[in-house]
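Source file input05.cif; content: mmCIF, C-alpha atoms.
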```
data_model
#
loop_
_atom_site.label_atom_id
_atom_site.label_comp_id
_atom_site.auth_asym_id
_atom_site.auth_seq_id
_atom_site.Cartn_x
_atom_site.Cartn_y
_atom_site.Cartn_z
CA ILE Z 1 -4.06 2.49 -1.64
CA GLN Z 2 -7.24 2.81 -3.65
CA GLN Z 3 -6.43 6.49 -4.25
CA LEU Z 4 -2.97 5.51 -5.52
CA ARG Z 5 -4.66 3.11 -7.96
CA LYS Z 6 -7.00 5.85 -9.15
CA ASP Z 7 -4.18 8.38 -9.48
CA ALA Z 8 -2.25 5.87 -11.62
CA ASP Z 9 -5.36 5.32 -13.81
CA LEU Z 10 -5.13 1.54 -13.42
CA GLU Z 11 -7.61 -0.88 -14.89
CA ILE Z 12 -9.68 -2.67 -12.25
CA GLU Z 13 -8.01 -6.03 -12.91
CA GLN Z 14 -4.41 -4.78 -12.75
CA ARG Z 15 -2.41 -6.25 -9.87
CA ILE Z 16 -0.04 -4.16 -7.74
CA ARG Z 17 2.67 -4.44 -5.11
CA VAL Z 18 2.37 -2.07 -2.15
CA GLY Z 19 5.23 -0.85 0.01
CA TYR Z 20 5.35 1.20 3.18
CA GLN Z 21 7.90 2.38 5.73
CA THR Z 22 7.10 3.07 9.36
CA ASP Z 23 8.82 3.03 12.73
CA ASP Z 24 5.43 3.07 14.48
CA THR Z 25 4.94 -0.43 15.88
CA ALA Z 26 1.16 0.02 16.12
CA ILE Z 27 0.97 0.80 12.38
CA ALA Z 28 3.33 -2.06 11.48
CA ASP Z 29 1.27 -4.47 13.61
CA MET Z 30 -1.99 -3.23 12.07
CA LEU Z 31 -0.64 -3.68 8.54
CA ALA Z 32 0.61 -7.17 9.38
CA THR Z 33 -2.69 -8.16 11.02
CA TRP Z 34 -4.83 -6.83 8.16
CA SER Z 35 -2.44 -7.68 5.32
CA ASP Z 36 -4.62 -10.39 3.74
CA TYR Z 37 -7.70 -8.18 3.82
CA ILE Z 38 -5.88 -5.11 2.46
CA ARG Z 39 -4.28 -7.12 -0.34
CA GLY Z 40 -7.62 -8.69 -1.26
CA GLU Z 41 -9.46 -5.38 -1.37
CA THR Z 42 -6.77 -3.59 -3.40
CA LEU Z 43 -5.64 -6.43 -5.73
CA ALA Z 44 -2.15 -6.26 -4.24
CA ASP Z 45 0.11 -9.27 -4.57
CA GLU Z 46 2.39 -7.94 -1.82
CA LEU Z 47 2.23 -5.54 1.12
CA THR Z 48 5.76 -5.13 2.45
CA ALA Z 49 7.89 -2.82 4.55
CA ASP Z 50 10.77 -1.40 2.51
CA THR Z 51 12.78 1.73 1.77
CA PRO Z 52 10.49 4.30 0.12
CA PRO Z 53 11.17 5.59 -3.38
CA ALA Z 54 11.35 9.34 -4.00
CA ASP Z 55 7.76 9.41 -5.30
CA ALA Z 56 6.18 7.71 -2.25
CA LYS Z 57 3.02 9.38 -0.97
CA SER Z 58 2.59 10.31 2.68
CA VAL Z 59 -0.50 8.87 4.32
CA ILE Z 60 -1.96 9.48 7.75
CA VAL Z 61 -3.47 6.70 9.85
CA GLY Z 62 -4.65 7.96 13.22
CA GLU Z 63 -1.83 10.21 14.33
CA ALA Z 64 0.88 8.37 12.39
CA LYS Z 65 2.21 9.66 9.08
CA PHE Z 66 4.25 7.35 6.85
CA PRO Z 67 5.20 6.82 3.18
CA LEU Z 68 3.20 4.42 1.03
CA TRP Z 69 3.75 3.50 -2.61
CA MET Z 70 2.79 0.93 -5.22
CA ASN Z 71 4.15 -0.69 -8.35
CA VAL Z 72 2.14 -2.35 -11.07
CA VAL Z 73 2.78 -6.08 -11.48
CA LYS Z 74 3.74 -6.80 -15.06
#
```

Once you've parsed the file, please lay out its structure as structure tokens.
Amino acid sequence: IQQLRKDADLEIEQRIRVGYQTDDTAIADMLATWSDYIRGETLADELTADTPPADAKSVIVGEAKFPLWMNVVK
């Protein structure tokens, strides 16, 4: 997520919404468990499972690969 922020050249104080899509229950559980921490560390207002847009980035966590994306909160 931090790399997505850097790639988008966001200012440090800009808030984002983060989306992901995974069928891997271990990844979904991990994201749910750590949601508050992840959102706090990345200035994300939301971290939600959804349908990925065409420009979603693929990320690898352990052996799982899944799409992740963000939108800037206006």

(request) Using all atoms listed in the file, find the one residue out of Z:Asn71, Z:Gln14, Z:Thr25, Z:Ser58 that sits nearest to Z:Leu43. (result)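 Nearest to Z:Leu43: Z:Gln14.
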
(request) Tell me, in Å to one decimal, how far atom CA of Z:Met30 is from atom CA of Z:Arg5. (result) 21.2 Å

(message) Rounded to one decimal, what separation in Å do you get between atom CA of Z:Thr51 and atom CA of Z:Ala28?
(response) 14.1 Å

Would you translate the PyMOL selection byres ((chain Z and resi 64) around 12) into the concrete set of residues it matches in this file, as a compact mmCIF listing (two decimals) with C-alpha atoms, keeping the file's coordinate frame?
```
# COMPACT_ATOMS: atom_id res chain seq x y z
CA GLN Z 21 7.90 2.38 5.73
CA THR Z 22 7.10 3.07 9.36
CA ASP Z 23 8.82 3.03 12.73
CA ASP Z 24 5.43 3.07 14.48
CA THR Z 25 4.94 -0.43 15.88
CA ALA Z 26 1.16 0.02 16.12
CA ILE Z 27 0.97 0.80 12.38
CA ALA Z 28 3.33 -2.06 11.48
CA MET Z 30 -1.99 -3.23 12.07
CA SER Z 58 2.59 10.31 2.68
CA VAL Z 59 -0.50 8.87 4.32
CA ILE Z 60 -1.96 9.48 7.75
CA VAL Z 61 -3.47 6.70 9.85
CA GLY Z 62 -4.65 7.96 13.22
CA GLU Z 63 -1.83 10.21 14.33
CA LYS Z 65 2.21 9.66 9.08
CA PHE Z 66 4.25 7.35 6.85
CA PRO Z 67 5.20 6.82 3.18
```

(request) Rounded to one decimal place, report the atom CA of Z:Leu68-atom CA of Z:Glu13 distance in Å. (result)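 About the pair atom CA of Z:Leu68 and atom CA of Z:Glu13: they are 20.7 Å apart.
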
(message) Taking 3 positions as the minimum chain separation for residues in the same chain, which residues sit within 10 Å of Z:Ala8 when counting all atoms listed in the file? Answer as number ranges by chain.
(response) Z: 2-5, 11, 70-72

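For the choices Z:Ile12, Z:Gly19, Z:Ser35, Z:Gly40, the atom-to-atom distance to Z:Ala56 is smallest for Z:Gly19 when using only C-alpha atoms.
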
Name every residue that the PyMOL selection byres ((chain Z and resi 73) around 6) selects in this structure, writing the answer as a PDB file with C-alpha atoms, keeping the file's coordinate frame with chains first and numbers rising.
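The resulting file, expr18.pdb, is reproduced below:
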```pdb
ATOM      1  CA  ARG Z  15      -2.410  -6.250  -9.870  1.00  0.00           C
ATOM      2  CA  ILE Z  16      -0.040  -4.160  -7.740  1.00  0.00           C
ATOM      3  CA  VAL Z  72       2.140  -2.350 -11.070  1.00  0.00           C
ATOM      4  CA  LYS Z  74       3.740  -6.800 -15.060  1.00  0.00           C
TER       5      LYS Z  74
END
```

(request) Between Z:Tyr37, Z:Tyr20, Z:Asp7, Z:Ile1, single out the one closest to Z:Ala49, counting all atoms listed in the file. (result) Z:Tyr20

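The protein and nucleic acid residues lying at most 8 Å from Z:Ala44 are Arg15, Ile16, Arg17, Val18, Ile38, Arg39, Gly40, Glu41, Thr42, Glu46 and Leu47 of chain Z, with only C-alpha atoms considered and sequence neighbours fewer than 2 positions away removed.
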